>>> print(open('query.cif').read())   # mmCIF, C-alpha atoms and all ligand atoms
data_final
loop_
_atom_site.label_atom_id
_atom_site.label_comp_id
_atom_site.auth_asym_id
_atom_site.auth_seq_id
_atom_site.Cartn_x
_atom_site.Cartn_y
_atom_site.Cartn_z
CA MET A 743 14.07 -23.28 -13.25
CA SER A 744 13.93 -25.19 -9.99
CA GLY A 745 13.51 -24.32 -6.35
CA ARG A 746 10.84 -24.24 -3.69
CA PRO A 747 7.37 -23.18 -4.83
CA GLY A 748 7.00 -19.38 -4.68
CA THR A 749 10.74 -18.80 -4.82
CA THR A 750 13.03 -17.92 -7.68
CA THR A 751 16.50 -19.25 -8.28
CA GLY A 752 19.51 -16.97 -8.49
CA ALA A 753 19.90 -17.47 -12.23
CA ALA A 754 16.37 -16.23 -12.88
CA ARG A 755 16.56 -13.22 -10.56
CA ARG A 756 16.54 -9.73 -11.99
CA PRO A 757 18.26 -6.84 -10.33
CA LEU A 758 15.81 -4.41 -8.76
CA ARG A 759 17.50 -1.00 -8.89
CA ILE A 760 16.37 1.05 -5.92
CA ALA A 761 16.88 4.83 -5.56
CA LEU A 762 16.32 6.57 -2.23
CA VAL A 763 15.40 10.25 -1.91
CA GLY A 764 15.90 11.02 1.77
CA PHE A 765 18.42 9.24 3.94
CA GLY A 766 17.33 10.14 7.46
CA HIS A 767 15.96 7.89 10.20
CA VAL A 768 13.82 5.83 7.85
CA GLY A 769 16.13 5.74 4.83
CA ARG A 770 19.10 4.70 6.93
CA ARG A 771 17.17 1.96 8.70
CA LEU A 772 15.95 0.60 5.38
CA ALA A 773 19.50 0.74 4.01
CA ALA A 774 20.88 -1.00 7.09
CA ARG A 775 18.35 -3.80 6.67
CA LEU A 776 18.94 -4.10 2.92
CA SER A 777 22.71 -4.11 3.28
CA ARG A 778 22.80 -7.41 5.13
CA SER A 779 22.02 -10.85 3.84
CA GLY A 780 19.12 -11.01 6.28
CA PRO A 781 15.36 -11.36 6.00
CA TYR A 782 14.88 -8.24 3.84
CA ALA A 783 17.21 -9.51 1.14
CA ARG A 784 15.67 -12.99 1.46
CA ALA A 785 12.14 -11.65 1.01
CA LEU A 786 13.15 -9.71 -2.10
CA ARG A 787 15.06 -12.65 -3.53
CA ALA A 788 12.05 -14.89 -2.96
CA ALA A 789 9.99 -12.34 -4.91
CA GLY A 790 12.36 -12.81 -7.85
CA VAL A 791 14.83 -9.92 -7.63
CA THR A 792 18.24 -9.03 -6.32
CA PRO A 793 18.06 -5.60 -4.66
CA ARG A 794 20.67 -3.04 -5.65
CA VAL A 795 20.64 0.53 -4.35
CA THR A 796 21.84 2.65 -7.27
CA GLY A 797 21.31 6.13 -5.86
CA ILE A 798 20.77 8.12 -2.67
CA ALA A 799 19.87 11.83 -2.54
CA THR A 800 19.69 14.05 0.54
CA ALA A 801 19.35 17.76 1.31
CA ARG A 802 22.60 18.49 3.17
CA HIS A 803 24.59 15.26 2.79
CA GLY A 804 24.97 15.40 -0.98
CA LEU A 805 23.93 12.68 -3.35
CA ALA A 806 25.48 9.66 -5.02
CA VAL A 807 24.62 7.54 -8.02
CA ASP A 808 26.36 4.35 -9.03
CA GLU A 809 24.60 2.06 -11.47
CA ARG A 810 26.68 -0.90 -10.28
CA GLY A 811 25.27 -0.47 -6.78
CA LEU A 812 26.38 1.70 -3.86
CA SER A 813 28.04 0.21 -0.82
CA LEU A 814 25.34 0.84 1.77
CA ALA A 815 27.73 0.23 4.65
CA ARG A 816 30.03 2.97 3.37
CA CYS A 817 27.15 5.37 2.68
CA LEU A 818 25.76 4.77 6.17
CA SER A 819 29.06 5.37 7.91
CA ALA A 820 29.73 8.52 5.84
CA VAL A 821 26.38 10.09 6.66
CA ARG A 822 26.57 9.06 10.33
CA ALA A 823 29.93 10.84 10.48
CA GLY A 824 28.38 13.95 8.90
CA ARG A 825 30.26 13.50 5.60
CA SER A 826 28.82 13.94 2.13
CA LEU A 827 27.76 11.06 -0.12
CA ALA A 828 29.33 12.87 -3.08
CA ALA A 829 32.55 10.85 -2.69
CA PHE A 830 30.66 7.74 -3.90
CA HIS A 831 29.10 9.40 -6.95
CA ARG A 832 29.97 8.03 -10.39
CA GLY A 833 28.82 9.75 -13.55
CA PRO A 834 27.85 13.24 -14.64
CA PRO A 835 27.18 15.68 -11.80
CA LEU A 836 23.56 16.14 -10.70
CA ALA A 837 22.69 19.57 -9.39
CA SER A 838 19.68 18.74 -7.20
CA ALA A 839 17.39 16.06 -5.82
CA ALA A 840 14.95 16.91 -8.62
CA ALA A 841 17.66 16.21 -11.23
CA PHE A 842 18.50 13.00 -9.35
CA VAL A 843 14.88 11.82 -9.60
CA ARG A 844 14.84 12.56 -13.34
CA ARG A 845 18.12 10.79 -14.09
CA VAL A 846 18.98 8.09 -11.53
CA PRO A 847 19.17 4.63 -13.14
CA ALA A 848 16.46 2.85 -11.15
CA ASP A 849 13.35 0.69 -11.29
CA VAL A 850 11.80 2.03 -8.11
CA LEU A 851 12.06 5.35 -6.28
CA VAL A 852 11.68 5.24 -2.50
CA GLU A 853 10.56 8.72 -1.39
CA LEU A 854 11.61 9.51 2.19
CA THR A 855 11.86 13.28 2.46
CA PRO A 856 10.27 15.03 5.46
CA LEU A 857 6.56 15.75 5.47
CA ASP A 858 5.55 19.24 4.44
CA PRO A 859 2.10 19.24 6.08
CA ARG A 860 0.90 22.37 4.26
CA ARG A 861 1.59 21.33 0.62
CA GLY A 862 3.12 17.87 0.49
CA GLU A 863 6.14 19.10 -1.49
CA PRO A 864 8.75 18.33 -2.71
CA ALA A 865 7.57 14.75 -2.27
CA ILE A 866 4.68 15.08 -4.73
CA ALA A 867 6.99 16.45 -7.42
CA HIS A 868 9.45 13.59 -6.79
CA VAL A 869 6.70 10.95 -7.00
CA ARG A 870 5.18 12.48 -10.12
CA ALA A 871 8.52 12.78 -11.93
CA ALA A 872 9.45 9.19 -11.07
CA LEU A 873 6.11 7.75 -12.25
CA ARG A 874 6.28 9.82 -15.45
CA ARG A 875 9.59 8.24 -16.34
CA GLY A 876 8.25 4.76 -15.65
CA LEU A 877 9.61 4.02 -12.18
CA HIS A 878 7.53 2.37 -9.49
CA VAL A 879 7.25 4.48 -6.34
CA VAL A 880 7.21 3.43 -2.69
CA THR A 881 6.94 6.07 0.02
CA ALA A 882 6.60 6.54 3.76
CA ASN A 883 5.71 10.18 3.17
CA LYS A 884 2.00 10.78 3.65
CA GLY A 885 2.09 14.13 1.81
CA PRO A 886 1.65 12.64 -1.69
CA VAL A 887 -1.21 10.40 -0.46
CA ALA A 888 -2.98 13.22 1.39
CA PHE A 889 -2.59 15.92 -1.27
CA ALA A 890 -2.43 14.15 -4.61
CA TYR A 891 -3.67 10.57 -4.26
CA ARG A 892 -6.08 10.48 -7.19
CA SER A 893 -3.76 12.09 -9.69
CA LEU A 894 -0.75 9.98 -8.64
CA ARG A 895 -2.74 6.73 -8.70
CA GLY A 896 -4.12 7.71 -12.09
CA LEU A 897 -0.64 8.45 -13.40
CA ALA A 898 0.72 5.18 -11.98
CA GLY A 899 -2.16 3.27 -13.62
CA ARG A 900 -1.53 4.89 -17.01
CA ARG A 901 2.18 4.10 -16.77
CA ARG A 902 1.45 0.57 -15.45
CA ARG A 903 3.57 1.18 -12.41
CA LEU A 904 2.89 0.84 -8.69
CA PHE A 905 2.47 3.76 -6.32
CA LEU A 906 2.57 2.20 -2.82
CA HIS A 907 2.56 3.91 0.55
CA GLU A 908 1.89 1.39 3.31
CA ALA A 909 4.46 2.99 5.65
CA ALA A 910 2.80 6.42 5.47
CA VAL A 911 0.28 5.60 8.21
CA MET A 912 0.98 3.27 11.17
CA ASP A 913 4.41 2.34 9.82
CA GLY A 914 4.40 -1.28 8.67
CA ALA A 915 1.04 -2.31 10.15
CA PRO A 916 -1.21 -3.19 7.22
CA VAL A 917 -3.78 -0.48 6.64
CA PHE A 918 -3.84 0.51 2.96
CA ASN A 919 -2.86 -2.96 1.78
CA LEU A 920 -5.33 -4.55 4.22
CA VAL A 921 -8.27 -2.77 2.60
CA GLU A 922 -7.00 -3.10 -0.95
CA ARG A 923 -5.96 -6.74 -0.81
CA CYS A 924 -8.06 -8.31 1.94
CA LEU A 925 -11.42 -6.52 1.89
CA PRO A 926 -12.62 -6.83 -1.72
CA GLY A 927 -16.03 -5.30 -2.31
CA ALA A 928 -16.23 -3.77 1.16
CA ARG A 929 -16.83 -0.04 1.59
CA VAL A 930 -15.08 1.88 4.33
CA LEU A 931 -17.77 3.95 6.04
CA GLY A 932 -15.48 5.71 8.49
CA PHE A 933 -12.55 5.30 10.85
CA ARG A 934 -11.16 6.36 14.20
CA GLY A 935 -7.52 6.12 15.14
CA THR A 936 -4.73 7.15 17.43
CA LEU A 937 -2.34 7.64 14.54
CA ASN A 938 0.36 9.93 15.88
CA SER A 939 2.89 8.01 17.99
CA THR A 940 4.59 11.15 19.32
CA THR A 941 1.42 12.54 20.96
CA SER A 942 0.47 9.11 22.34
CA LEU A 943 3.95 8.82 23.87
CA VAL A 944 3.91 12.39 25.20
CA LEU A 945 0.47 11.97 26.81
CA THR A 946 1.53 8.64 28.36
CA ARG A 947 4.70 10.18 29.77
CA ILE A 948 2.77 13.20 31.15
CA GLU A 949 0.39 10.73 32.84
CA GLN A 950 3.51 9.16 34.44
CA GLY A 951 4.70 12.55 35.72
CA MET A 952 7.22 13.52 33.03
CA ALA A 953 7.35 17.04 31.54
CA ALA A 954 6.07 17.37 27.97
CA ALA A 955 9.40 18.74 26.66
CA ALA A 956 11.31 15.71 28.00
CA ALA A 957 8.76 13.37 26.41
CA VAL A 958 9.19 15.12 23.05
CA ARG A 959 12.96 14.64 23.34
CA GLU A 960 12.35 10.93 23.97
CA ALA A 961 10.22 10.72 20.80
CA GLN A 962 12.98 12.50 18.86
CA ALA A 963 15.62 10.10 20.21
CA LEU A 964 13.46 7.17 19.07
CA GLY A 965 13.25 8.74 15.59
CA ILE A 966 9.43 8.72 15.64
CA ALA A 967 8.89 12.50 15.89
CA GLU A 968 8.43 14.55 12.73
CA ALA A 969 11.41 16.68 11.66
CA ASP A 970 9.56 19.56 13.36
CA PRO A 971 7.77 17.98 16.37
CA ALA A 972 5.36 20.92 16.49
CA ASN A 973 3.67 19.20 13.54
CA ASP A 974 2.93 16.25 15.85
CA LEU A 975 1.77 18.26 18.87
CA ASP A 976 -0.52 20.64 17.00
CA GLY A 977 -2.26 17.80 15.15
CA TRP A 978 -0.96 18.54 11.65
CA ASP A 979 0.64 15.11 11.24
CA ALA A 980 -2.59 13.43 12.40
CA ALA A 981 -4.63 15.66 10.06
CA VAL A 982 -2.46 14.71 7.09
CA LYS A 983 -2.78 11.03 8.03
CA GLY A 984 -6.55 11.43 8.28
CA ALA A 985 -6.62 13.05 4.86
CA ALA A 986 -4.40 10.29 3.44
CA LEU A 987 -6.67 7.56 4.83
CA ALA A 988 -9.81 9.35 3.60
CA SER A 989 -8.28 9.71 0.12
CA ALA A 990 -7.05 6.16 -0.24
CA LEU A 991 -9.66 4.19 1.73
CA MET A 992 -12.79 6.28 1.21
CA ASP A 993 -12.02 7.77 -2.22
CA ALA A 994 -12.51 11.20 -0.69
CA PRO A 995 -9.84 13.78 -1.45
CA VAL A 996 -10.11 15.74 1.80
CA ARG A 997 -7.49 18.51 1.89
CA PRO A 998 -5.49 18.47 5.15
CA ALA A 999 -6.32 22.16 5.63
CA ARG A 1000 -10.03 21.21 5.64
CA VAL A 1001 -9.55 18.82 8.57
CA ARG A 1002 -10.94 20.30 11.79
CA ARG A 1003 -7.86 20.18 13.97
CA ARG A 1004 -6.94 20.66 17.61
CA GLY A 1005 -3.61 19.50 19.03
CA ILE A 1006 -2.58 18.51 22.54
CA GLN A 1007 -0.55 21.64 23.35
CA SER A 1008 -3.48 23.36 25.04
CA LEU A 1009 -4.20 20.37 27.32
CA PRO A 1010 -2.97 21.17 30.86
CA ALA A 1011 -0.74 18.43 32.32
CA ALA A 1012 -2.97 18.30 35.43
CA ALA A 1013 -6.02 17.53 33.27
CA VAL A 1014 -4.10 14.78 31.43
CA ARG A 1015 -3.10 13.14 34.73
CA ARG A 1016 -6.57 13.49 36.24
CA ALA A 1017 -8.19 11.91 33.15
CA ALA A 1018 -5.79 8.95 33.34
CA ARG A 1019 -6.46 8.51 37.09
CA GLN A 1020 -10.18 8.42 36.31
CA GLY A 1021 -9.55 5.61 33.80
CA ARG A 1022 -10.52 7.67 30.74
CA PRO A 1023 -7.20 8.97 29.38
CA PHE A 1024 -6.79 11.57 26.66
CA ARG A 1025 -5.44 10.58 23.26
CA LEU A 1026 -5.22 12.53 20.02
CA VAL A 1027 -7.91 10.89 17.90
CA THR A 1028 -8.37 11.22 14.14
CA ARG A 1029 -11.84 10.37 12.93
CA ALA A 1030 -13.59 10.33 9.58
CA TRP A 1031 -17.21 9.73 8.67
CA ARG A 1032 -19.48 10.05 5.67
CA ALA A 1033 -21.86 13.01 5.92
CA ALA A 1034 -24.39 14.59 3.56
CA GLY A 1035 -21.80 16.90 1.97
CA GLY A 1036 -19.08 14.22 1.66
CA VAL A 1037 -16.43 12.77 3.96
CA ARG A 1038 -15.47 14.79 7.05
CA VAL A 1039 -12.23 14.35 8.99
CA ARG A 1040 -11.53 15.70 12.47
CA VAL A 1041 -8.50 15.59 14.79
CA GLY A 1042 -8.60 16.42 18.48
CA PRO A 1043 -7.94 15.16 22.01
CA GLU A 1044 -10.62 12.75 23.17
CA ARG A 1045 -11.08 10.82 26.39
CA LEU A 1046 -11.19 7.09 25.72
CA ALA A 1047 -13.59 4.73 27.46
CA VAL A 1048 -12.28 1.37 28.63
CA GLU A 1049 -14.41 -0.56 26.12
CA ASP A 1050 -12.97 1.46 23.21
CA PRO A 1051 -10.42 -0.59 21.18
CA LEU A 1052 -8.28 2.56 21.04
CA TYR A 1053 -8.05 2.50 24.85
CA GLY A 1054 -6.36 -0.90 24.70
CA ALA A 1055 -3.66 0.54 22.48
CA GLY A 1056 -2.26 2.57 25.38
CA SER A 1057 0.64 4.57 24.03
CA ASP A 1058 0.58 2.66 20.74
CA SER A 1059 -1.10 3.42 17.43
CA ALA A 1060 -4.44 1.88 16.60
CA LEU A 1061 -7.05 2.25 13.90
CA VAL A 1062 -10.66 1.10 13.86
CA LEU A 1063 -12.23 0.84 10.42
CA GLN A 1064 -16.01 0.81 10.03
CA THR A 1065 -17.03 -1.14 6.94
CA ASP A 1066 -20.33 -2.17 5.38
CA LEU A 1067 -19.54 -5.86 4.78
CA MET A 1068 -17.14 -6.68 7.62
CA GLY A 1069 -18.39 -4.43 10.42
CA GLU A 1070 -15.59 -3.02 12.54
CA ILE A 1071 -11.96 -4.09 12.17
CA ALA A 1072 -9.18 -2.86 14.44
CA VAL A 1073 -5.47 -2.73 13.63
CA LEU A 1074 -3.04 -2.25 16.52
CA GLU A 1075 0.66 -1.62 16.17
CA ARG A 1076 2.52 -2.44 19.37
CA GLY A 1077 5.70 -0.44 19.92
CA GLY A 1078 5.95 1.19 16.51
CA THR A 1079 9.42 2.55 15.75
CA VAL A 1080 11.43 3.31 12.69
CA GLU A 1081 12.01 -0.46 12.43
CA GLN A 1082 8.34 -0.99 11.64
CA THR A 1083 8.44 1.87 9.12
CA ALA A 1084 11.29 0.15 7.32
CA TYR A 1085 9.22 -3.05 7.31
CA GLY A 1086 6.29 -1.17 5.71
CA LEU A 1087 8.66 -0.15 2.93
CA LEU A 1088 9.85 -3.73 2.56
CA SER A 1089 6.29 -5.02 2.21
CA ASP A 1090 5.72 -2.54 -0.65
CA LEU A 1091 9.11 -3.31 -2.19
CA VAL A 1092 8.17 -6.99 -2.29
CA ALA A 1093 5.03 -6.08 -4.25
CA VAL A 1094 7.20 -4.03 -6.62
CA ALA A 1095 9.69 -6.89 -6.88
CA ARG A 1096 6.96 -9.31 -7.93
CA ALA A 1097 5.69 -6.89 -10.58
CA HIS A 1098 9.23 -6.22 -11.78
CA ALA A 1099 10.17 -9.90 -11.91
CA ALA A 1100 7.00 -10.71 -13.87
CA ARG A 1101 7.69 -8.10 -16.58
CA ARG A 1102 9.03 -9.20 -19.92
CA PRO A 1103 12.68 -8.27 -20.36
N1 LIG A 1201 10.47 8.32 11.43
C1 LIG A 1201 9.38 7.56 11.44
O1 LIG A 1201 9.16 6.74 12.34
C2 LIG A 1201 8.39 7.64 10.30
C3 LIG A 1201 7.27 6.80 10.31
C4 LIG A 1201 6.39 6.81 9.24
C5 LIG A 1201 6.59 7.73 8.20
N2 LIG A 1201 7.66 8.57 8.25
C6 LIG A 1201 7.85 9.52 7.14
O2 LIG A 1201 9.03 9.13 6.43
C7 LIG A 1201 9.66 10.28 5.88
C8 LIG A 1201 11.12 10.31 6.33
O3 LIG A 1201 11.16 10.38 7.74
P1 LIG A 1201 12.54 10.44 8.53
O4 LIG A 1201 12.18 10.28 9.96
O5 LIG A 1201 13.52 9.55 7.89
O6 LIG A 1201 12.96 11.97 8.23
P2 LIG A 1201 14.39 12.63 8.54
O7 LIG A 1201 15.14 11.83 9.54
O8 LIG A 1201 14.11 14.07 8.81
O9 LIG A 1201 15.18 12.50 7.13
C9 LIG A 1201 14.77 13.19 5.99
C10 LIG A 1201 15.78 12.95 4.88
O10 LIG A 1201 15.32 13.66 3.72
C11 LIG A 1201 16.39 14.48 3.22
N3 LIG A 1201 15.78 15.64 2.57
C12 LIG A 1201 15.16 16.70 3.12
N4 LIG A 1201 14.69 17.51 2.17
C13 LIG A 1201 15.07 16.97 0.98
C14 LIG A 1201 14.91 17.35 -0.38
N5 LIG A 1201 14.25 18.45 -0.73
N6 LIG A 1201 15.43 16.55 -1.33
C15 LIG A 1201 16.11 15.42 -1.01
N7 LIG A 1201 16.28 15.00 0.27
C16 LIG A 1201 15.76 15.77 1.24
C17 LIG A 1201 17.22 14.82 4.43
O11 LIG A 1201 18.52 15.19 4.02
P3 LIG A 1201 19.70 15.46 5.09
O12 LIG A 1201 20.11 14.09 5.59
O13 LIG A 1201 20.78 16.06 4.30
O14 LIG A 1201 19.09 16.30 6.13
C18 LIG A 1201 17.18 13.48 5.17
O15 LIG A 1201 18.13 12.61 4.62
C19 LIG A 1201 8.85 11.50 6.34
O16 LIG A 1201 7.95 11.88 5.32
C20 LIG A 1201 8.09 10.96 7.54
O17 LIG A 1201 6.85 11.63 7.76
C21 LIG A 1201 8.56 8.55 9.26
#
>>> encode(input="query.cif", output="structure tokens")
Amino acid sequence: MSGRPGTTTGAARRPLRIALVGFGHVGRRLAARLSRSGPYARALRAAGVTPRVTGIATARHGLAVDERGLSLARCLSAVRAGRSLAAFHRGPPLASAAAFVRRVPADVLVELTPLDPRRGEPAIAHVRAALRRGLHVVTANKGPVAFAYRSLRGLAGRRRRLFLHEAAVMDGAPVFNLVERCLPGARVLGFRGTLNSTTSLVLTRIEQGMAAAAAVREAQALGIAEADPANDLDGWDAAVKGAALASALMDAPVRPARVRRRGIQSLPAAAVRRAARQGRPFRLVTRAWRAAGGVRVRVGPERLAVEDPLYGAGSDSALVLQTDLMGEIAVLERGGTVEQTAYGLLSDLVAVARAHAARRP
């Protein structure tokens, strides 16, 4: 084998069979990036694999499996035109997304169904079924992390597979992987973050004089709003993110329903504008801290002081971690869109690719 250090030659590369459950904003962006011979394909090739999407399942656009690899360009144009993926399916019929997860020929399942903020399903069932049959799992869905982190990590460990979820909070900005890979031995004592892009955008637009409904439409057009934007505005999305961070970073399985939660819907527009004029704007803040009875998580509108790192984030997402060994660390994601979410998935897929390439045949 020859080639630059850290790279793998074509002859040595293994196919990495990727199955997608969910082909909406995020799934389509990932597919668009994977379908070209651009940086995504290069990164995966350098990790030792050739990516091949062998299956895509949706709710209303049908599903398709082809072990030889689906044409992503054709799948994208079919779904954009409102047509079913079924025309590309090869093999025995599959009755449901659950059957797809059980049967699709794949090495990694990428779970991209919408968040169910009350139960985390059907994503948890998809992740569990995939890990049980020995697939790695990558997801942007925070439900499985918030509701079932310990059991899914345990299952992944027993099956010697990866369960990775960097894109679930702050898109592709490193949060979970930052703590796991770059802060060995450090304990996360707490965190504060403006984690919901839709509410940050809506509050910023209200400050600029726009009506809240128009700002929500802008977030929907950008593809950053949840399938039901009420889940953003009433703080459910932020609560689930807080629970996901507490579970994964603080080893504290806080149920989203136990998060004290207040959204931004009750904030009068005049109060939002006045607060911004006074230089202490409102943002929806998620915070967690260790207390006598365990870890507590709270979501609610807070006014930010100018010296607060979250203030500097403006309409963007930011997270401040409090740690014992490294003090405070802030992560800021400027202009997060679905593009950054796709990148978060790529960063996890590269980790999967390395593990897959290193396995004995
Ligand atoms: N958008 C973002 O910027 C962003 C950022 C970070 C994380 N996330 C998370 O990423 C996930 C996907 O987000 P998205 O914006 O791509 O959502 P989306 O645009 O609403 O797409 C959801 C996809 O899932 C499919 N689906 C729904 N229920 C299903 C089921 N039971 N089985 C199989 N497929 C199902 C839908 O099928 P149809 O196409 O037939 O409707 C659609 O293809 C969510 O969990 C979200 O919270 C999103």
>>> residues_near_ligand(input="query.cif", ligand="ligand LIG 1201 (chain A)", cutoff="7 Å", atoms="all atoms listed in the file", output="MDAnalysis selection string")
chainID A and resid 763:769 799:804 839 854:857 864 882:884 909:913 965:969 1079:1080 1083
>>> atom_distance(input="query.cif", atom1="atom CA of Leu812 of chain A", atom2="atom CA of Ala1095 of chain A")
19.0 Å
>>> residues_around(input="query.cif", residues="segment 1091-1094 of chain A", least_positions_apart="5", cutoff="7 Å", atoms="only C-alpha atoms", output="PyMOL selection string")
chain A and resi 785-786+789+904
>>> residues_around(input="query.cif", residues="segment 935-950 of chain A", least_positions_apart="5", cutoff="9 Å", atoms="all atoms listed in the file", output="VMD selection string")
chain A and resid 911 to 912 955 to 958 960 to 962 966 to 968 971 974 to 975 977 979 to 980 983 to 984 1005 to 1006 1011 to 1012 1014 to 1019 1023 to 1029 1052 1055 to 1063 1078 to 1079
>>> atom_distance(input="query.cif", atom1="atom CA of Ala1047 of chain A", atom2="atom CA of Arg1022 of chain A")
5.4 Å
>>> closest_residue(input="query.cif", among="A:Arg1032, A:Leu920, A:Ser819, A:Ala1099", to="Arg787 of chain A", atoms="only C-alpha atoms")
A:Ala1099
>>> atom_distance(input="query.cif", atom1="atom CA of Ala953 of chain A", atom2="atom CA of Glu1075 of chain A")
25.1 Å
>>> closest_residue(input="query.cif", among="A:Val996, A:Ala773, A:Ala1033, A:Val921", to="Val1073 of chain A", atoms="all atoms listed in the file")
A:Val921
>>> closest_atom_pairs(input="query.cif", of="segment 968-1011 of chain A", to="segment 893-900 of chain A", cutoff="12 Å", atoms="all atoms listed in the file", output="Markdown table")
| residue | atom | partner | partner_atom | distance |
| --- | --- | --- | --- | --- |
| A:Ser989 | CA | A:Arg895 | CA | 10.8 |
| A:Ala990 | CA | A:Arg895 | CA | 9.5 |
| A:Asp993 | CA | A:Arg895 | CA | 11.4 |
| A:Pro995 | CA | A:Ser893 | CA | 10.4 |
>>> build_atoms(input="query.cif", residues="segment 951-968 of chain A", atoms="N, CA and C atoms", output="CSV table (one decimal), in the frame of the given file")
chain,number,residue,atom,x,y,z
A,951,GLY,N,4.1,11.5,34.9
A,951,GLY,CA,4.7,12.6,35.7
A,951,GLY,C,5.8,13.3,35.0
A,952,MET,N,6.1,12.9,33.7
A,952,MET,CA,7.2,13.5,33.0
A,952,MET,C,6.7,14.9,32.4
A,953,ALA,N,7.7,15.8,32.2
A,953,ALA,CA,7.4,17.0,31.5
A,953,ALA,C,7.2,16.8,30.0
A,954,ALA,N,6.3,17.6,29.4
A,954,ALA,CA,6.1,17.4,28.0
A,954,ALA,C,7.4,17.5,27.1
A,955,ALA,N,8.2,18.5,27.5
A,955,ALA,CA,9.4,18.7,26.7
A,955,ALA,C,10.3,17.5,26.7
A,956,ALA,N,10.4,16.9,27.9
A,956,ALA,CA,11.3,15.7,28.0
A,956,ALA,C,10.7,14.6,27.2
A,957,ALA,N,9.4,14.4,27.2
A,957,ALA,CA,8.8,13.4,26.4
A,957,ALA,C,9.0,13.6,24.9
A,958,VAL,N,8.9,14.8,24.5
A,958,VAL,CA,9.2,15.1,23.0
A,958,VAL,C,10.6,14.7,22.7
A,959,ARG,N,11.5,15.0,23.6
A,959,ARG,CA,13.0,14.6,23.3
A,959,ARG,C,13.1,13.1,23.2
A,960,GLU,N,12.3,12.4,24.1
A,960,GLU,CA,12.4,10.9,24.0
A,960,GLU,C,11.8,10.5,22.6
A,961,ALA,N,10.8,11.1,22.1
A,961,ALA,CA,10.2,10.7,20.8
A,961,ALA,C,11.3,11.0,19.7
A,962,GLN,N,12.0,12.2,19.9
A,962,GLN,CA,13.0,12.5,18.9
A,962,GLN,C,14.1,11.5,18.9
A,963,ALA,N,14.5,11.1,20.1
A,963,ALA,CA,15.6,10.1,20.2
A,963,ALA,C,15.2,8.8,19.6
A,964,LEU,N,13.9,8.4,19.7
A,964,LEU,CA,13.5,7.2,19.1
A,964,LEU,C,13.3,7.3,17.5
A,965,GLY,N,13.4,8.5,17.0
A,965,GLY,CA,13.2,8.7,15.6
A,965,GLY,C,11.8,8.7,15.1
A,966,ILE,N,10.8,8.8,16.1
A,966,ILE,CA,9.4,8.7,15.6
A,966,ILE,C,8.8,10.1,15.5
A,967,ALA,N,9.5,11.2,16.0
A,967,ALA,CA,8.9,12.5,15.9
A,967,ALA,C,9.1,13.0,14.5
A,968,GLU,N,8.2,13.9,14.0
A,968,GLU,CA,8.4,14.6,12.7
A,968,GLU,C,9.7,15.4,12.8
